[in-house]
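Next comes model_27.txt, a file with compact mmCIF, N, CA and C atoms.
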# COMPACT_ATOMS: atom_id res chain seq x y z
N MET J 1 70.42 92.75 -20.20
CA MET J 1 71.52 93.51 -19.67
C MET J 1 72.75 92.61 -19.60
N LEU J 2 73.91 93.21 -19.84
CA LEU J 2 75.18 92.50 -19.75
C LEU J 2 75.93 92.97 -18.51
N ARG J 3 76.68 92.06 -17.94
CA ARG J 3 77.47 92.40 -16.76
C ARG J 3 78.80 91.65 -16.82
N THR J 4 79.87 92.31 -16.40
CA THR J 4 81.17 91.67 -16.30
C THR J 4 81.28 91.04 -14.93
N MET J 5 81.56 89.72 -14.90
CA MET J 5 81.59 88.97 -13.64
C MET J 5 82.92 88.21 -13.53
N LEU J 6 83.37 87.98 -12.31
CA LEU J 6 84.54 87.14 -12.10
C LEU J 6 84.15 85.69 -12.37
N GLN J 7 84.85 85.05 -13.29
CA GLN J 7 84.60 83.65 -13.61
C GLN J 7 85.55 82.73 -12.85
N ALA J 8 86.82 83.10 -12.84
CA ALA J 8 87.83 82.22 -12.25
C ALA J 8 89.01 83.04 -11.76
N LYS J 9 89.71 82.48 -10.75
CA LYS J 9 90.89 83.17 -10.22
C LYS J 9 91.92 82.13 -9.82
N LEU J 10 93.13 82.31 -10.30
CA LEU J 10 94.27 81.52 -9.84
C LEU J 10 95.03 82.44 -8.88
N HIS J 11 95.00 82.11 -7.60
CA HIS J 11 95.56 82.99 -6.57
C HIS J 11 96.97 82.53 -6.19
N ARG J 12 97.92 83.47 -6.21
CA ARG J 12 99.30 83.23 -5.83
C ARG J 12 99.99 82.22 -6.75
N ALA J 13 99.74 82.34 -8.04
CA ALA J 13 100.43 81.53 -9.04
C ALA J 13 101.85 82.06 -9.18
N THR J 14 102.83 81.19 -9.16
CA THR J 14 104.23 81.60 -9.24
C THR J 14 104.71 81.63 -10.68
N VAL J 15 105.30 82.75 -11.08
CA VAL J 15 105.86 82.88 -12.43
C VAL J 15 107.06 81.95 -12.54
N THR J 16 107.00 81.04 -13.52
CA THR J 16 108.10 80.08 -13.72
C THR J 16 109.00 80.47 -14.89
N GLU J 17 108.47 81.29 -15.81
CA GLU J 17 109.24 81.71 -16.98
C GLU J 17 108.81 83.11 -17.40
N ALA J 18 109.73 83.85 -18.00
CA ALA J 18 109.42 85.16 -18.59
C ALA J 18 110.26 85.27 -19.86
N ASP J 19 109.59 85.34 -21.01
CA ASP J 19 110.26 85.33 -22.31
C ASP J 19 109.88 86.58 -23.09
N LEU J 20 110.72 87.58 -23.04
CA LEU J 20 110.46 88.86 -23.70
C LEU J 20 110.37 88.71 -25.21
N GLN J 21 111.09 87.77 -25.80
CA GLN J 21 111.15 87.63 -27.25
C GLN J 21 109.98 86.83 -27.84
N TYR J 22 109.14 86.23 -27.00
CA TYR J 22 108.00 85.46 -27.47
C TYR J 22 106.82 86.39 -27.71
N GLU J 23 105.96 86.06 -28.67
CA GLU J 23 104.75 86.83 -28.92
C GLU J 23 103.91 86.88 -27.64
N GLY J 24 103.35 88.02 -27.33
CA GLY J 24 102.68 88.27 -26.06
C GLY J 24 101.59 87.29 -25.69
N SER J 25 101.59 86.87 -24.45
CA SER J 25 100.57 85.98 -23.90
C SER J 25 101.00 85.51 -22.52
N CYS J 26 100.18 84.65 -21.93
CA CYS J 26 100.53 84.01 -20.66
C CYS J 26 100.27 82.52 -20.82
N ALA J 27 101.32 81.72 -20.76
CA ALA J 27 101.18 80.27 -20.85
C ALA J 27 100.87 79.73 -19.46
N ILE J 28 99.82 78.91 -19.38
CA ILE J 28 99.38 78.34 -18.10
C ILE J 28 99.23 76.83 -18.27
N ASP J 29 99.75 76.08 -17.31
CA ASP J 29 99.64 74.63 -17.28
C ASP J 29 98.19 74.21 -17.59
N GLU J 30 98.02 73.31 -18.54
CA GLU J 30 96.68 72.88 -18.97
C GLU J 30 95.87 72.28 -17.81
N THR J 31 96.53 71.65 -16.86
CA THR J 31 95.83 71.11 -15.69
C THR J 31 95.18 72.23 -14.89
N LEU J 32 95.88 73.34 -14.71
CA LEU J 32 95.31 74.49 -14.00
C LEU J 32 94.16 75.11 -14.79
N LEU J 33 94.31 75.17 -16.12
CA LEU J 33 93.23 75.71 -16.95
C LEU J 33 91.95 74.90 -16.77
N ASP J 34 92.09 73.58 -16.81
CA ASP J 34 90.92 72.70 -16.64
C ASP J 34 90.29 72.87 -15.27
N ALA J 35 91.13 72.92 -14.23
CA ALA J 35 90.62 73.05 -12.86
C ALA J 35 89.87 74.36 -12.65
N ALA J 36 90.32 75.42 -13.31
CA ALA J 36 89.70 76.74 -13.13
C ALA J 36 88.62 77.03 -14.17
N GLY J 37 88.46 76.16 -15.16
CA GLY J 37 87.46 76.40 -16.20
C GLY J 37 87.87 77.49 -17.18
N LEU J 38 89.17 77.66 -17.36
CA LEU J 38 89.69 78.67 -18.29
C LEU J 38 90.00 78.02 -19.63
N ARG J 39 90.03 78.83 -20.68
CA ARG J 39 90.26 78.33 -22.04
C ARG J 39 91.41 79.07 -22.72
N GLU J 40 92.05 78.37 -23.64
CA GLU J 40 93.11 78.98 -24.43
C GLU J 40 92.54 80.17 -25.21
N PHE J 41 93.31 81.23 -25.30
CA PHE J 41 92.99 82.49 -25.97
C PHE J 41 91.98 83.35 -25.20
N GLN J 42 91.61 82.94 -24.00
CA GLN J 42 90.69 83.75 -23.18
C GLN J 42 91.44 84.96 -22.63
N TYR J 43 90.74 86.10 -22.59
CA TYR J 43 91.27 87.34 -22.03
C TYR J 43 91.40 87.18 -20.51
N ILE J 44 92.54 87.63 -19.96
CA ILE J 44 92.75 87.57 -18.51
C ILE J 44 93.37 88.87 -18.01
N GLU J 45 93.12 89.15 -16.75
CA GLU J 45 93.76 90.24 -16.02
C GLU J 45 94.74 89.59 -15.04
N LEU J 46 95.92 90.19 -14.90
CA LEU J 46 96.93 89.66 -14.00
C LEU J 46 97.34 90.75 -13.02
N TYR J 47 97.51 90.36 -11.77
CA TYR J 47 97.90 91.29 -10.70
C TYR J 47 99.15 90.72 -10.04
N ASN J 48 100.24 91.47 -10.10
CA ASN J 48 101.50 91.02 -9.52
C ASN J 48 101.51 91.38 -8.03
N ILE J 49 101.52 90.37 -7.19
CA ILE J 49 101.50 90.58 -5.73
C ILE J 49 102.81 91.23 -5.27
N ASN J 50 103.92 90.92 -5.92
CA ASN J 50 105.22 91.43 -5.49
C ASN J 50 105.43 92.91 -5.76
N ASN J 51 104.95 93.41 -6.91
CA ASN J 51 105.25 94.81 -7.24
C ASN J 51 104.03 95.68 -7.52
N GLY J 52 102.83 95.10 -7.45
CA GLY J 52 101.62 95.87 -7.65
C GLY J 52 101.22 96.11 -9.10
N GLU J 53 102.01 95.62 -10.05
CA GLU J 53 101.67 95.78 -11.47
C GLU J 53 100.35 95.08 -11.78
N ARG J 54 99.56 95.72 -12.65
CA ARG J 54 98.30 95.14 -13.13
C ARG J 54 98.35 95.22 -14.65
N PHE J 55 98.06 94.10 -15.33
CA PHE J 55 98.13 94.08 -16.78
C PHE J 55 97.20 92.99 -17.32
N SER J 56 96.99 93.02 -18.62
CA SER J 56 96.10 92.05 -19.25
C SER J 56 96.77 91.42 -20.45
N THR J 57 96.34 90.21 -20.78
CA THR J 57 96.82 89.48 -21.95
C THR J 57 95.82 88.35 -22.21
N TYR J 58 96.28 87.32 -22.90
CA TYR J 58 95.42 86.17 -23.17
C TYR J 58 96.17 84.89 -22.83
N ILE J 59 95.43 83.80 -22.72
CA ILE J 59 95.98 82.51 -22.30
C ILE J 59 96.44 81.69 -23.50
N ILE J 60 97.59 81.04 -23.35
CA ILE J 60 97.95 79.93 -24.22
C ILE J 60 98.22 78.74 -23.30
N LYS J 61 98.01 77.54 -23.82
CA LYS J 61 98.21 76.33 -23.02
C LYS J 61 99.69 76.00 -22.89
N ALA J 62 100.07 75.67 -21.66
CA ALA J 62 101.38 75.08 -21.41
C ALA J 62 101.14 73.58 -21.21
N PRO J 63 102.15 72.76 -21.38
CA PRO J 63 101.96 71.32 -21.24
C PRO J 63 101.32 70.93 -19.90
N ARG J 64 100.43 69.94 -19.97
CA ARG J 64 99.74 69.43 -18.79
C ARG J 64 100.74 68.94 -17.74
N ASN J 65 100.47 69.29 -16.49
CA ASN J 65 101.27 68.90 -15.32
C ASN J 65 102.70 69.47 -15.34
N SER J 66 102.93 70.50 -16.14
CA SER J 66 104.26 71.10 -16.20
C SER J 66 104.48 72.13 -15.09
N GLY J 67 103.39 72.66 -14.54
CA GLY J 67 103.50 73.71 -13.53
C GLY J 67 103.85 75.07 -14.09
N VAL J 68 103.84 75.21 -15.40
CA VAL J 68 104.28 76.44 -16.06
C VAL J 68 103.28 77.58 -15.90
N ILE J 69 103.80 78.73 -15.50
CA ILE J 69 103.13 80.03 -15.58
C ILE J 69 104.17 80.93 -16.25
N SER J 70 104.00 81.16 -17.55
CA SER J 70 105.01 81.89 -18.32
C SER J 70 104.44 83.18 -18.86
N LEU J 71 105.12 84.28 -18.61
CA LEU J 71 104.74 85.57 -19.18
C LEU J 71 105.59 85.80 -20.42
N ASN J 72 104.93 86.17 -21.51
CA ASN J 72 105.60 86.28 -22.80
C ASN J 72 105.41 87.66 -23.41
N GLY J 73 106.38 88.06 -24.21
CA GLY J 73 106.31 89.35 -24.88
C GLY J 73 106.34 90.49 -23.86
N ALA J 74 105.54 91.53 -24.11
CA ALA J 74 105.53 92.71 -23.24
C ALA J 74 105.18 92.35 -21.79
N ALA J 75 104.34 91.33 -21.60
CA ALA J 75 103.96 90.92 -20.23
C ALA J 75 105.18 90.46 -19.42
N ALA J 76 106.23 89.99 -20.10
CA ALA J 76 107.43 89.54 -19.41
C ALA J 76 108.13 90.68 -18.67
N ARG J 77 107.84 91.93 -19.03
CA ARG J 77 108.42 93.09 -18.34
C ARG J 77 107.68 93.41 -17.05
N ARG J 78 106.52 92.79 -16.82
CA ARG J 78 105.66 93.11 -15.67
C ARG J 78 105.92 92.24 -14.45
N ALA J 79 106.74 91.18 -14.61
CA ALA J 79 107.01 90.28 -13.48
C ALA J 79 108.33 89.55 -13.71
N HIS J 80 108.90 89.08 -12.63
CA HIS J 80 110.12 88.28 -12.68
C HIS J 80 109.79 86.85 -12.29
N VAL J 81 110.64 85.94 -12.74
CA VAL J 81 110.50 84.55 -12.31
C VAL J 81 110.51 84.52 -10.78
N GLY J 82 109.53 83.81 -10.22
CA GLY J 82 109.39 83.74 -8.76
C GLY J 82 108.34 84.68 -8.20
N ASP J 83 107.94 85.70 -8.97
CA ASP J 83 106.88 86.60 -8.50
C ASP J 83 105.56 85.84 -8.38
N LEU J 84 104.71 86.30 -7.48
CA LEU J 84 103.39 85.72 -7.29
C LEU J 84 102.35 86.56 -8.01
N LEU J 85 101.44 85.89 -8.71
CA LEU J 85 100.39 86.56 -9.48
C LEU J 85 99.01 86.12 -9.03
N ILE J 86 98.06 87.00 -9.21
CA ILE J 86 96.64 86.64 -9.18
C ILE J 86 96.19 86.76 -10.62
N ILE J 87 95.65 85.68 -11.17
CA ILE J 87 95.21 85.64 -12.57
C ILE J 87 93.70 85.49 -12.56
N CYS J 88 93.00 86.46 -13.17
CA CYS J 88 91.53 86.48 -13.15
C CYS J 88 90.95 86.54 -14.56
N ALA J 89 89.81 85.89 -14.72
CA ALA J 89 89.04 85.95 -15.96
C ALA J 89 87.69 86.57 -15.64
N TYR J 90 87.30 87.55 -16.45
CA TYR J 90 86.05 88.29 -16.25
C TYR J 90 85.22 88.25 -17.54
N PRO J 91 84.40 87.23 -17.74
CA PRO J 91 83.58 87.22 -18.95
C PRO J 91 82.42 88.21 -18.83
N ILE J 92 81.89 88.60 -19.98
CA ILE J 92 80.70 89.44 -20.02
C ILE J 92 79.52 88.50 -20.27
N ILE J 93 78.56 88.49 -19.33
CA ILE J 93 77.45 87.54 -19.45
C ILE J 93 76.10 88.25 -19.39
N ARG J 94 75.11 87.61 -19.95
CA ARG J 94 73.74 88.14 -19.94
C ARG J 94 73.11 87.88 -18.58
N LYS J 95 72.14 88.72 -18.22
CA LYS J 95 71.49 88.63 -16.91
C LYS J 95 70.94 87.23 -16.64
N ARG J 96 70.35 86.59 -17.63
CA ARG J 96 69.76 85.27 -17.39
C ARG J 96 70.80 84.22 -17.00
N ASN J 97 72.08 84.51 -17.24
CA ASN J 97 73.15 83.58 -16.90
C ASN J 97 73.91 83.95 -15.63
N TRP J 98 73.50 85.04 -14.97
CA TRP J 98 74.17 85.43 -13.73
C TRP J 98 73.98 84.35 -12.68
N PRO J 99 74.99 84.14 -11.85
CA PRO J 99 74.78 83.20 -10.74
C PRO J 99 73.62 83.65 -9.86
N ALA J 100 72.88 82.71 -9.32
CA ALA J 100 71.68 83.02 -8.51
C ALA J 100 72.00 83.98 -7.37
N ILE J 101 73.18 83.88 -6.79
CA ILE J 101 73.53 84.74 -5.64
C ILE J 101 73.63 86.20 -6.04
N ASN J 102 73.86 86.48 -7.34
CA ASN J 102 74.02 87.86 -7.79
C ASN J 102 72.75 88.47 -8.37
N ARG J 103 71.66 87.72 -8.39
CA ARG J 103 70.40 88.26 -8.95
C ARG J 103 69.74 89.18 -7.98
N SER J 104 69.16 90.26 -8.52
CA SER J 104 68.46 91.22 -7.65
C SER J 104 66.96 91.16 -7.85

Encoding of this model in structure tokens:
Amino acid sequence: MLRTMLQAKLHRATVTEADLQYEGSCAIDETLLDAAGLREFQYIELYNINNGERFSTYIIKAPRNSGVISLNGAAARRAHVGDLLIICAYPIIRKRNWPAINRS
């Protein structure tokens, strides 16, 4: 059996850039990616704390220690610089890989 599980969450990440003309994605500081166990090109869900918008895109790496959280392309219309986001990754995993706390 497969199940969608929360893998990682960046809570209250501040949008530092929004570039409507860039190909769609979300650039995230590589240091944050490493700390959260996220990977470039991974699918993510984003929740804007300021306006309630919910949207999805994929990750691209921003330079390490830059502090960048950049929304690009269509995603740039979903938040303004300074908005707070919750960024979540939900992989689909097999039952044998579920965390022990979630086994029934």

- Out of J:Gly82, J:Lys61, J:Lys95, J:Asn51, which residue has the shortest atom-to-atom distance to Ala13 in chain J when counting only N, CA and C atoms? J:Gly82

- Item | Point-to-point distance in Å for atom N of Arg96 in chain J and CA of Gln7 in chain J | 15.1 Å

- For Glu17 in chain J, please output as a ChimeraX atom specification all residues within 5 Å (counting all atoms listed in the file; exclusion window: fewer than 4 positions along the same chain). /J:69-71

- Atomic separation - atom C of Tyr90 in chain J relative to atom C of Ala18 in chain J, Å: 25.3 Å

- Message: I'd like to know which residues of chain J are strand (DSSP E) (by DSSP, run on the backbone); could you write them as a ChimeraX atom specification?
- Response: /J:2-4,8-14,17-19,25-29,43-48,54-62,69-72,84-89,92-94

Keeping N, CA and C atoms, export the residues of the selection given above as a compact mmCIF listing (two decimals), keeping the file's coordinate frame.
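What follows is the written file out.txt:
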# COMPACT_ATOMS: atom_id res chain seq x y z
N LEU J 2 73.91 93.21 -19.84
CA LEU J 2 75.18 92.50 -19.75
C LEU J 2 75.93 92.97 -18.51
N ARG J 3 76.68 92.06 -17.94
CA ARG J 3 77.47 92.40 -16.76
C ARG J 3 78.80 91.65 -16.82
N THR J 4 79.87 92.31 -16.40
CA THR J 4 81.17 91.67 -16.30
C THR J 4 81.28 91.04 -14.93
N ALA J 8 86.82 83.10 -12.84
CA ALA J 8 87.83 82.22 -12.25
C ALA J 8 89.01 83.04 -11.76
N LYS J 9 89.71 82.48 -10.75
CA LYS J 9 90.89 83.17 -10.22
C LYS J 9 91.92 82.13 -9.82
N LEU J 10 93.13 82.31 -10.30
CA LEU J 10 94.27 81.52 -9.84
C LEU J 10 95.03 82.44 -8.88
N HIS J 11 95.00 82.11 -7.60
CA HIS J 11 95.56 82.99 -6.57
C HIS J 11 96.97 82.53 -6.19
N ARG J 12 97.92 83.47 -6.21
CA ARG J 12 99.30 83.23 -5.83
C ARG J 12 99.99 82.22 -6.75
N ALA J 13 99.74 82.34 -8.04
CA ALA J 13 100.43 81.53 -9.04
C ALA J 13 101.85 82.06 -9.18
N THR J 14 102.83 81.19 -9.16
CA THR J 14 104.23 81.60 -9.24
C THR J 14 104.71 81.63 -10.68
N GLU J 17 108.47 81.29 -15.81
CA GLU J 17 109.24 81.71 -16.98
C GLU J 17 108.81 83.11 -17.40
N ALA J 18 109.73 83.85 -18.00
CA ALA J 18 109.42 85.16 -18.59
C ALA J 18 110.26 85.27 -19.86
N ASP J 19 109.59 85.34 -21.01
CA ASP J 19 110.26 85.33 -22.31
C ASP J 19 109.88 86.58 -23.09
N SER J 25 101.59 86.87 -24.45
CA SER J 25 100.57 85.98 -23.90
C SER J 25 101.00 85.51 -22.52
N CYS J 26 100.18 84.65 -21.93
CA CYS J 26 100.53 84.01 -20.66
C CYS J 26 100.27 82.52 -20.82
N ALA J 27 101.32 81.72 -20.76
CA ALA J 27 101.18 80.27 -20.85
C ALA J 27 100.87 79.73 -19.46
N ILE J 28 99.82 78.91 -19.38
CA ILE J 28 99.38 78.34 -18.10
C ILE J 28 99.23 76.83 -18.27
N ASP J 29 99.75 76.08 -17.31
CA ASP J 29 99.64 74.63 -17.28
C ASP J 29 98.19 74.21 -17.59
N TYR J 43 90.74 86.10 -22.59
CA TYR J 43 91.27 87.34 -22.03
C TYR J 43 91.40 87.18 -20.51
N ILE J 44 92.54 87.63 -19.96
CA ILE J 44 92.75 87.57 -18.51
C ILE J 44 93.37 88.87 -18.01
N GLU J 45 93.12 89.15 -16.75
CA GLU J 45 93.76 90.24 -16.02
C GLU J 45 94.74 89.59 -15.04
N LEU J 46 95.92 90.19 -14.90
CA LEU J 46 96.93 89.66 -14.00
C LEU J 46 97.34 90.75 -13.02
N TYR J 47 97.51 90.36 -11.77
CA TYR J 47 97.90 91.29 -10.70
C TYR J 47 99.15 90.72 -10.04
N ASN J 48 100.24 91.47 -10.10
CA ASN J 48 101.50 91.02 -9.52
C ASN J 48 101.51 91.38 -8.03
N ARG J 54 99.56 95.72 -12.65
CA ARG J 54 98.30 95.14 -13.13
C ARG J 54 98.35 95.22 -14.65
N PHE J 55 98.06 94.10 -15.33
CA PHE J 55 98.13 94.08 -16.78
C PHE J 55 97.20 92.99 -17.32
N SER J 56 96.99 93.02 -18.62
CA SER J 56 96.10 92.05 -19.25
C SER J 56 96.77 91.42 -20.45
N THR J 57 96.34 90.21 -20.78
CA THR J 57 96.82 89.48 -21.95
C THR J 57 95.82 88.35 -22.21
N TYR J 58 96.28 87.32 -22.90
CA TYR J 58 95.42 86.17 -23.17
C TYR J 58 96.17 84.89 -22.83
N ILE J 59 95.43 83.80 -22.72
CA ILE J 59 95.98 82.51 -22.30
C ILE J 59 96.44 81.69 -23.50
N ILE J 60 97.59 81.04 -23.35
CA ILE J 60 97.95 79.93 -24.22
C ILE J 60 98.22 78.74 -23.30
N LYS J 61 98.01 77.54 -23.82
CA LYS J 61 98.21 76.33 -23.02
C LYS J 61 99.69 76.00 -22.89
N ALA J 62 100.07 75.67 -21.66
CA ALA J 62 101.38 75.08 -21.41
C ALA J 62 101.14 73.58 -21.21
N ILE J 69 103.80 78.73 -15.50
CA ILE J 69 103.13 80.03 -15.58
C ILE J 69 104.17 80.93 -16.25
N SER J 70 104.00 81.16 -17.55
CA SER J 70 105.01 81.89 -18.32
C SER J 70 104.44 83.18 -18.86
N LEU J 71 105.12 84.28 -18.61
CA LEU J 71 104.74 85.57 -19.18
C LEU J 71 105.59 85.80 -20.42
N ASN J 72 104.93 86.17 -21.51
CA ASN J 72 105.60 86.28 -22.80
C ASN J 72 105.41 87.66 -23.41
N LEU J 84 104.71 86.30 -7.48
CA LEU J 84 103.39 85.72 -7.29
C LEU J 84 102.35 86.56 -8.01
N LEU J 85 101.44 85.89 -8.71
CA LEU J 85 100.39 86.56 -9.48
C LEU J 85 99.01 86.12 -9.03
N ILE J 86 98.06 87.00 -9.21
CA ILE J 86 96.64 86.64 -9.18
C ILE J 86 96.19 86.76 -10.62
N ILE J 87 95.65 85.68 -11.17
CA ILE J 87 95.21 85.64 -12.57
C ILE J 87 93.70 85.49 -12.56
N CYS J 88 93.00 86.46 -13.17
CA CYS J 88 91.53 86.48 -13.15
C CYS J 88 90.95 86.54 -14.56
N ALA J 89 89.81 85.89 -14.72
CA ALA J 89 89.04 85.95 -15.96
C ALA J 89 87.69 86.57 -15.64
N ILE J 92 81.89 88.60 -19.98
CA ILE J 92 80.70 89.44 -20.02
C ILE J 92 79.52 88.50 -20.27
N ILE J 93 78.56 88.49 -19.33
CA ILE J 93 77.45 87.54 -19.45
C ILE J 93 76.10 88.25 -19.39
N ARG J 94 75.11 87.61 -19.95
CA ARG J 94 73.74 88.14 -19.94
C ARG J 94 73.11 87.88 -18.58

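Here atom N of Ile92 in chain J stands at a distance of 20.6 Å from atom N of Ala27 in chain J.
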
- Task: For each of J:Ala76, J:Glu30, J:Ile87, J:Asn65, take the minimum atom-to-atom distance to Lys9 in chain J, counting only N, CA and C atoms, then give the residue where this is smallest.
- Result: J:Ile87

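For the residues J:Leu38, J:Ile60, J:Ile93, J:Leu2, ranking by smallest atom-to-atom distance to Ser25 in chain J using all atoms listed in the file places J:Ile60 first.
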
- Task: Once DSSP has gone over the backbone, tell me which residues of chain J are in alpha helix (DSSP H), as a VMD selection string.
- Result: chain J and resid 30 to 36

Leu20 in chain J: which residues within 9 Å, counting only C-alpha atoms, same-chain residues fewer than 4 positions away excluded, as a compact mmCIF listing (two decimals) with N, CA and C atoms, in the coordinates of the input?
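Result saved to selection-v1.txt:
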# COMPACT_ATOMS: atom_id res chain seq x y z
N GLY J 24 103.35 88.02 -27.33
CA GLY J 24 102.68 88.27 -26.06
C GLY J 24 101.59 87.29 -25.69
N LEU J 71 105.12 84.28 -18.61
CA LEU J 71 104.74 85.57 -19.18
C LEU J 71 105.59 85.80 -20.42
N ASN J 72 104.93 86.17 -21.51
CA ASN J 72 105.60 86.28 -22.80
C ASN J 72 105.41 87.66 -23.41
N GLY J 73 106.38 88.06 -24.21
CA GLY J 73 106.31 89.35 -24.88
C GLY J 73 106.34 90.49 -23.86
N ALA J 74 105.54 91.53 -24.11
CA ALA J 74 105.53 92.71 -23.24
C ALA J 74 105.18 92.35 -21.79
N ALA J 75 104.34 91.33 -21.60
CA ALA J 75 103.96 90.92 -20.23
C ALA J 75 105.18 90.46 -19.42
N ALA J 76 106.23 89.99 -20.10
CA ALA J 76 107.43 89.54 -19.41
C ALA J 76 108.13 90.68 -18.67
N ARG J 77 107.84 91.93 -19.03
CA ARG J 77 108.42 93.09 -18.34
C ARG J 77 107.68 93.41 -17.05

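Distance cut-off 6 Å, centre (92.9, 87.1, -12.6), atoms counted only N, CA and C atoms; the residues meeting this are Ala8, Lys9, Leu10, Ile44, Glu45, Leu46, Tyr47, Ile86, Ile87, Cys88 and Ala89 of chain J.
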
Grab the residues selected above and save them as a compact mmCIF listing (two decimals), in the frame of the given file with N, CA and C atoms.
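selection_10.txt, freshly written:
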# COMPACT_ATOMS: atom_id res chain seq x y z
N ALA J 8 86.82 83.10 -12.84
CA ALA J 8 87.83 82.22 -12.25
C ALA J 8 89.01 83.04 -11.76
N LYS J 9 89.71 82.48 -10.75
CA LYS J 9 90.89 83.17 -10.22
C LYS J 9 91.92 82.13 -9.82
N LEU J 10 93.13 82.31 -10.30
CA LEU J 10 94.27 81.52 -9.84
C LEU J 10 95.03 82.44 -8.88
N ILE J 44 92.54 87.63 -19.96
CA ILE J 44 92.75 87.57 -18.51
C ILE J 44 93.37 88.87 -18.01
N GLU J 45 93.12 89.15 -16.75
CA GLU J 45 93.76 90.24 -16.02
C GLU J 45 94.74 89.59 -15.04
N LEU J 46 95.92 90.19 -14.90
CA LEU J 46 96.93 89.66 -14.00
C LEU J 46 97.34 90.75 -13.02
N TYR J 47 97.51 90.36 -11.77
CA TYR J 47 97.90 91.29 -10.70
C TYR J 47 99.15 90.72 -10.04
N ILE J 86 98.06 87.00 -9.21
CA ILE J 86 96.64 86.64 -9.18
C ILE J 86 96.19 86.76 -10.62
N ILE J 87 95.65 85.68 -11.17
CA ILE J 87 95.21 85.64 -12.57
C ILE J 87 93.70 85.49 -12.56
N CYS J 88 93.00 86.46 -13.17
CA CYS J 88 91.53 86.48 -13.15
C CYS J 88 90.95 86.54 -14.56
N ALA J 89 89.81 85.89 -14.72
CA ALA J 89 89.04 85.95 -15.96
C ALA J 89 87.69 86.57 -15.64

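For the choices J:Ser56, J:Thr4, J:Ser66, J:Thr16, the atom-to-atom distance to Asp83 in chain J is smallest for J:Thr16 when using all atoms listed in the file.
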
- Counting all atoms listed in the file, the residue among J:Arg12, J:Arg3, J:Arg78, J:Arg39 that lies closest to Glu53 in chain J is J:Arg78
